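**Q** Pasting in a structure now, in structure tokens, and then I'll have a few things to ask.
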Amino acid sequence: MQLIAVGDVLVDVVCDRMPEPGQRVHGSTSLRAGGSAVNAALAAADAGADATVCGRIGGDPAGDLIVATLEARGVRGELARDAELPTGVAVSFRDGGVVADRGANASFSPSDLPTRLQADALLVSGFALLQDGSREAAQTALDRFEGAWSAVDLASPKLAAGAEVDVGATVVLATAAEAKALTRLDPEPAARELAMVFAVACVKLGADGAIAVRGNDFERARPVPVARTSPFGAGDAFAAVFLVRLAGGDGLRTALEHACAAGARAAGSG
């Protein structure tokens with residue numbers, strides 16, 4: 001089973017607290033390769049798939065960290081290196097809030113992609129598809145893809161609001177807030193409406209699991225409860241494993257169950 005993940009490639013920094021203005025505090029921090037495409041590809045690899053990441057990084061040590069992480073985990077990196085812009089960074093404070101600098105991701109272009117994208121599944125992040133700078137590259141990935149299953153993960157309510165999502169994908173994934181921003185509907189009716197455009201529509205419900213619609217088939221699954229310790233990657237892991245399981249021939253319920261388990265593992269991995 002082969003999955004290609006297209007989207008933002010970042011270094012994620014997690015701080016365990018937010019200092020008061022002017023305050024210097026001691027606390028724990030972590031730094032790791034991340035971003036939507038990397039998180040998804042690593043989860044797919046953990047699920048037994050052959051995974052590839054397509055994106056853009058800087059020619060800096062942060063970019064080297066991402067390349068080394070992918071190599072160590074057996075994930076192929078199709079990563080263009082920007083001579084001017086740095087590798088993107090996202091900083092999360094566990095007391096709340098994320099600061100993100102897209103860096104080289106904002107210059108991700110069609111020329112950064114392989115001429116042919118052949119795999120069983122393609123996952124494109126809304127962070128790439130629904131933002132200026134990388135939009136054309138993300139749409140080009142969908143257009144070039146040669147395979148049965150292609151998915152778009154909407155990424156954020158702000159990006160989903162008013163977005164044009166009929167982009168040639170077969171699957172759409174959204175959180176409840178993203179689905180609401182796009183359709184103005186609650187999760188179940190939103191999933192049913194989106195399933196009129198996509199072959200499969202999935203709405204992620206956080207700790208309450210997820211729902212999915214395929215034609216007249218409606219399914220729901222819930223994860224085993226976990227204490228969330230990582231602010232990054234749970235939704236990306238869910239999306240990747242859901243898509244890999246669908247591409248492997250699983251039905252909606254089984255795909256949802258495996259995806260919920262993957263999301264829970266990622267949420268508790270910090």
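Scheme for the structure tokens: letters A, B, ... for chains in order shown; per-chain residue numbers from 1; ligand numbers from 1 in order shown.
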Please identify all polymer residues within 12 Å of Arg184 (chain A), counting only C-alpha atoms, omitting same-chain residues fewer than 3 positions from it, and present them as a VMD selection string.
**A** chain A and resid 157 160 to 162 176 to 181 187 to 191 193 to 194
**Q** Using DSSP on the backbone coordinates, identify all residues within region 57-118 of chain A classified as strand (DSSP E or B); present the result as number ranges by chain.
**A** A: 57-58, 76-82, 88-93, 98-101, 117-118
**Q** So which one's closest to Met18 (chain A), A:Val98, A:Leu182, A:Ala261, A:Ala51? Using only C-alpha atoms, please.
**A**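 Of the candidates, the smallest distance to Met18 (chain A) is held by A:Val98.
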**Q** Name all residues at most 12 Å from region 79-82 of chain A (count only C-alpha atoms; drop same-chain ones fewer than 2 positions away) and give them as an mmCIF file with N, CA and C atoms, in the first residue's frame.
**A**
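Resulting contents of around-v6.cif:
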```
data_model
loop_
_atom_site.group_PDB
_atom_site.id
_atom_site.type_symbol
_atom_site.label_atom_id
_atom_site.label_comp_id
_atom_site.auth_asym_id
_atom_site.auth_seq_id
_atom_site.Cartn_x
_atom_site.Cartn_y
_atom_site.Cartn_z
ATOM 1 N N ALA A 5 1.740 12.034 0.734
ATOM 2 C CA ALA A 5 1.193 13.135 1.532
ATOM 3 C C ALA A 5 1.769 14.451 1.012
ATOM 4 N N VAL A 6 0.882 15.370 0.682
ATOM 5 C CA VAL A 6 1.276 16.668 0.143
ATOM 6 C C VAL A 6 0.775 17.753 1.085
ATOM 7 N N GLY A 7 1.667 18.632 1.501
ATOM 8 C CA GLY A 7 1.227 19.691 2.397
ATOM 9 C C GLY A 7 2.380 20.346 3.108
ATOM 10 N N ASP A 8 2.078 21.044 4.205
ATOM 11 C CA ASP A 8 3.108 21.766 4.926
ATOM 12 C C ASP A 8 4.099 20.816 5.588
ATOM 13 N N VAL A 9 5.357 21.203 5.537
ATOM 14 C CA VAL A 9 6.455 20.477 6.170
ATOM 15 C C VAL A 9 7.124 21.455 7.130
ATOM 16 N N LEU A 10 7.110 21.128 8.412
ATOM 17 C CA LEU A 10 7.529 22.060 9.454
ATOM 18 C C LEU A 10 8.404 21.388 10.499
ATOM 19 N N ALA A 37 1.932 17.150 6.231
ATOM 20 C CA ALA A 37 2.378 16.080 5.340
ATOM 21 C C ALA A 37 3.284 15.096 6.057
ATOM 22 N N VAL A 38 4.200 15.595 6.871
ATOM 23 C CA VAL A 38 5.115 14.719 7.603
ATOM 24 C C VAL A 38 4.361 13.874 8.623
ATOM 25 N N THR A 52 5.348 8.642 1.169
ATOM 26 C CA THR A 52 6.162 9.683 0.550
ATOM 27 C C THR A 52 5.620 11.041 0.972
ATOM 28 N N VAL A 53 6.515 11.980 1.235
ATOM 29 C CA VAL A 53 6.139 13.359 1.546
ATOM 30 C C VAL A 53 6.578 14.263 0.400
ATOM 31 N N CYS A 54 5.674 15.102 -0.074
ATOM 32 C CA CYS A 54 6.002 16.118 -1.065
ATOM 33 C C CYS A 54 5.799 17.490 -0.436
ATOM 34 N N GLY A 55 6.828 18.319 -0.473
ATOM 35 C CA GLY A 55 6.716 19.643 0.116
ATOM 36 C C GLY A 55 7.968 20.451 -0.136
ATOM 37 N N ARG A 56 8.123 21.535 0.618
ATOM 38 C CA ARG A 56 9.247 22.452 0.426
ATOM 39 C C ARG A 56 9.806 22.848 1.787
ATOM 40 N N ILE A 57 11.129 22.795 1.900
ATOM 41 C CA ILE A 57 11.813 23.158 3.136
ATOM 42 C C ILE A 57 12.934 24.128 2.805
ATOM 43 N N GLY A 58 13.537 24.704 3.837
ATOM 44 C CA GLY A 58 14.674 25.591 3.631
ATOM 45 C C GLY A 58 15.976 24.819 3.534
ATOM 46 N N GLY A 59 17.015 25.507 3.109
ATOM 47 C CA GLY A 59 18.340 24.895 3.067
ATOM 48 C C GLY A 59 19.063 25.137 4.371
ATOM 49 N N ASP A 60 18.436 24.755 5.473
ATOM 50 C CA ASP A 60 18.932 25.088 6.805
ATOM 51 C C ASP A 60 18.950 23.846 7.689
ATOM 52 N N PRO A 61 19.513 23.939 8.908
ATOM 53 C CA PRO A 61 19.543 22.775 9.792
ATOM 54 C C PRO A 61 18.157 22.231 10.125
ATOM 55 N N ALA A 62 17.143 23.094 10.188
ATOM 56 C CA ALA A 62 15.788 22.610 10.436
ATOM 57 C C ALA A 62 15.333 21.694 9.307
ATOM 58 N N GLY A 63 15.671 22.060 8.076
ATOM 59 C CA GLY A 63 15.359 21.191 6.944
ATOM 60 C C GLY A 63 16.126 19.881 7.023
ATOM 61 N N ASP A 64 17.381 19.947 7.479
ATOM 62 C CA ASP A 64 18.174 18.728 7.637
ATOM 63 C C ASP A 64 17.528 17.785 8.652
ATOM 64 N N ILE A 66 14.359 17.452 9.296
ATOM 65 C CA ILE A 66 13.209 16.795 8.667
ATOM 66 C C ILE A 66 13.681 15.683 7.743
ATOM 67 N N VAL A 67 14.677 15.961 6.918
ATOM 68 C CA VAL A 67 15.198 14.940 6.000
ATOM 69 C C VAL A 67 15.696 13.731 6.784
ATOM 70 N N LEU A 70 12.745 11.630 8.271
ATOM 71 C CA LEU A 70 12.061 10.817 7.261
ATOM 72 C C LEU A 70 12.907 9.607 6.873
ATOM 73 N N VAL A 75 10.564 6.815 5.343
ATOM 74 C CA VAL A 75 9.632 7.589 4.528
ATOM 75 C C VAL A 75 10.417 8.333 3.457
ATOM 76 N N ARG A 76 9.938 8.263 2.234
ATOM 77 C CA ARG A 76 10.614 8.947 1.129
ATOM 78 C C ARG A 76 10.270 10.431 1.148
ATOM 79 N N GLY A 77 11.257 11.278 0.984
ATOM 80 C CA GLY A 77 11.023 12.714 0.939
ATOM 81 C C GLY A 77 11.258 13.277 -0.444
ATOM 82 N N GLU A 84 16.203 30.755 -0.172
ATOM 83 C CA GLU A 84 16.005 32.020 0.529
ATOM 84 C C GLU A 84 15.146 31.890 1.783
ATOM 85 N N LEU A 85 14.015 31.196 1.680
ATOM 86 C CA LEU A 85 13.106 31.091 2.816
ATOM 87 C C LEU A 85 13.506 29.935 3.735
ATOM 88 N N PRO A 86 13.342 30.099 5.040
ATOM 89 C CA PRO A 86 13.700 29.030 5.979
ATOM 90 C C PRO A 86 12.627 27.948 6.037
ATOM 91 N N THR A 87 12.973 26.845 6.625
ATOM 92 C CA THR A 87 11.988 25.796 6.904
ATOM 93 C C THR A 87 10.918 26.355 7.846
ATOM 94 N N GLY A 88 9.671 25.988 7.580
ATOM 95 C CA GLY A 88 8.580 26.462 8.422
ATOM 96 C C GLY A 88 8.664 25.916 9.833
ATOM 97 N N GLY A 103 7.185 29.770 6.366
ATOM 98 C CA GLY A 103 8.495 29.701 5.762
ATOM 99 C C GLY A 103 8.429 29.251 4.306
ATOM 100 N N ALA A 104 9.262 28.255 3.965
ATOM 101 C CA ALA A 104 9.359 27.788 2.581
ATOM 102 C C ALA A 104 8.062 27.185 2.063
ATOM 103 N N ASN A 105 7.175 26.746 2.951
ATOM 104 C CA ASN A 105 5.906 26.187 2.502
ATOM 105 C C ASN A 105 5.109 27.175 1.657
ATOM 106 N N ALA A 106 5.275 28.461 1.931
ATOM 107 C CA ALA A 106 4.522 29.475 1.205
ATOM 108 C C ALA A 106 4.974 29.620 -0.242
ATOM 109 N N SER A 107 6.109 28.996 -0.591
ATOM 110 C CA SER A 107 6.588 29.038 -1.975
ATOM 111 C C SER A 107 6.541 27.668 -2.645
ATOM 112 N N PHE A 108 5.832 26.730 -2.043
ATOM 113 C CA PHE A 108 5.655 25.396 -2.623
ATOM 114 C C PHE A 108 4.979 25.541 -3.984
ATOM 115 N N SER A 109 5.611 25.025 -5.025
ATOM 116 C CA SER A 109 5.130 25.260 -6.391
ATOM 117 C C SER A 109 4.992 23.954 -7.159
ATOM 118 N N PRO A 110 4.255 23.972 -8.274
ATOM 119 C CA PRO A 110 4.101 22.747 -9.077
ATOM 120 C C PRO A 110 5.423 22.139 -9.513
ATOM 121 N N SER A 111 6.433 22.964 -9.725
ATOM 122 C CA SER A 111 7.724 22.425 -10.153
ATOM 123 C C SER A 111 8.417 21.623 -9.061
ATOM 124 N N ASP A 112 7.942 21.745 -7.821
ATOM 125 C CA ASP A 112 8.503 20.966 -6.716
ATOM 126 C C ASP A 112 7.984 19.536 -6.684
ATOM 127 N N LEU A 113 6.954 19.255 -7.477
ATOM 128 C CA LEU A 113 6.326 17.941 -7.473
ATOM 129 C C LEU A 113 6.921 17.029 -8.541
ATOM 130 N N PRO A 114 6.906 15.716 -8.308
ATOM 131 C CA PRO A 114 7.262 14.789 -9.387
ATOM 132 C C PRO A 114 6.309 14.950 -10.565
#
```
**Q** Quick check, in Å to one decimal: how far apart do CA of Ala163 (chain A) and CA of Met196 (chain A) lie?
**A** 16.2 Å
**Q** Name all residues at most 8 Å from Ile211 (chain A) (count only C-alpha atoms; drop same-chain ones fewer than 3 positions away) and give them as a ChimeraX atom specification.
**A** /A:187-188,191,202-205,218-221,256
**Q** Mind writing the picked residues with C-alpha atoms as an mmCIF file, in the first residue's frame?
**A**
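See result.cif below for the written result:
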```
data_model
loop_
_atom_site.group_PDB
_atom_site.id
_atom_site.type_symbol
_atom_site.label_atom_id
_atom_site.label_comp_id
_atom_site.auth_asym_id
_atom_site.auth_seq_id
_atom_site.Cartn_x
_atom_site.Cartn_y
_atom_site.Cartn_z
ATOM 1 C CA PRO A 187 -21.609 17.099 11.853
ATOM 2 C CA GLU A 188 -24.032 14.473 10.544
ATOM 3 C CA ALA A 191 -21.166 14.810 6.284
ATOM 4 C CA CYS A 202 -15.619 12.086 7.105
ATOM 5 C CA VAL A 203 -16.141 14.451 10.035
ATOM 6 C CA LYS A 204 -13.731 14.124 12.953
ATOM 7 C CA LEU A 205 -15.222 14.656 16.404
ATOM 8 C CA PHE A 218 -23.330 5.980 7.516
ATOM 9 C CA GLU A 219 -20.859 4.847 10.180
ATOM 10 C CA ARG A 220 -19.535 6.100 13.505
ATOM 11 C CA ALA A 221 -16.536 5.032 15.580
ATOM 12 C CA LEU A 256 -12.848 4.653 11.033
#
```
**Q** Work out how far apart CA of Ala40 (chain A) and CA of Val197 (chain A) are and give it in Å to one decimal.
**A**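 Computing it gives 23.7 Å between the two atoms.
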**Q** Among region 19-198 of chain A, which ones does DSSP place in helix (DSSP H, G or I), written as an MDAnalysis selection string?
**A** chainID A and resid 36:46 61:72 103:107 110:112 126:129 135:144 157:160 176:183 187:194
**Q** Could you tell me which of A:Phe127, A:Ala148, A:Ser36, A:Val91 comes closest to Gly248 (chain A) if we count only C-alpha atoms?
**A**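 Once distances to Gly248 (chain A) are computed over only C-alpha atoms, the minimum belongs to A:Ala148.
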**Q** Find the residues of region 100-149 of chain A that sit at most 9 Å from region 169-172 of chain A; for each, write down the nearest two atoms and how far apart they are in Å, to one decimal. Count only C-alpha atoms. Sort by chain, then by number going up, and give it as CSV.
**A**
```
residue,atom,partner,partner_atom,distance
A:Leu122,CA,A:Ala169,CA,8.9
A:Leu142,CA,A:Ala169,CA,6.8
A:Ala148,CA,A:Thr170,CA,8.2
A:Trp149,CA,A:Thr170,CA,6.1
```
**Q** With N, CA, C and O atoms kept, could you save the residues just selected as an mmCIF file, in the first residue's frame?
**A**
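Listing of part.cif after writing:
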```cif
data_model
loop_
_atom_site.group_PDB
_atom_site.id
_atom_site.type_symbol
_atom_site.label_atom_id
_atom_site.label_comp_id
_atom_site.auth_asym_id
_atom_site.auth_seq_id
_atom_site.Cartn_x
_atom_site.Cartn_y
_atom_site.Cartn_z
ATOM 1 N N LEU A 122 -3.597 9.430 -2.130
ATOM 2 C CA LEU A 122 -2.984 10.750 -2.043
ATOM 3 C C LEU A 122 -3.736 11.554 -0.991
ATOM 4 O O LEU A 122 -4.971 11.627 -1.021
ATOM 5 N N LEU A 142 -3.264 16.990 -7.030
ATOM 6 C CA LEU A 142 -4.536 16.294 -7.265
ATOM 7 C C LEU A 142 -4.723 15.992 -8.750
ATOM 8 O O LEU A 142 -5.183 14.907 -9.120
ATOM 9 N N ALA A 148 -6.533 5.482 -7.134
ATOM 10 C CA ALA A 148 -7.975 5.408 -6.903
ATOM 11 C C ALA A 148 -8.473 6.356 -5.831
ATOM 12 O O ALA A 148 -9.607 6.840 -5.897
ATOM 13 N N TRP A 149 -7.651 6.629 -4.810
ATOM 14 C CA TRP A 149 -8.142 7.364 -3.641
ATOM 15 C C TRP A 149 -7.333 8.633 -3.421
ATOM 16 O O TRP A 149 -6.128 8.578 -3.196
#
```
**Q** Kindly indicate which residue among A:Gly147, A:Gly168, A:Pro225, A:Gly48 lies nearest to Arg73 (chain A), using only C-alpha atoms for the distances.
**A**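 Distance minimum relative to Arg73 (chain A) lands on A:Gly48.
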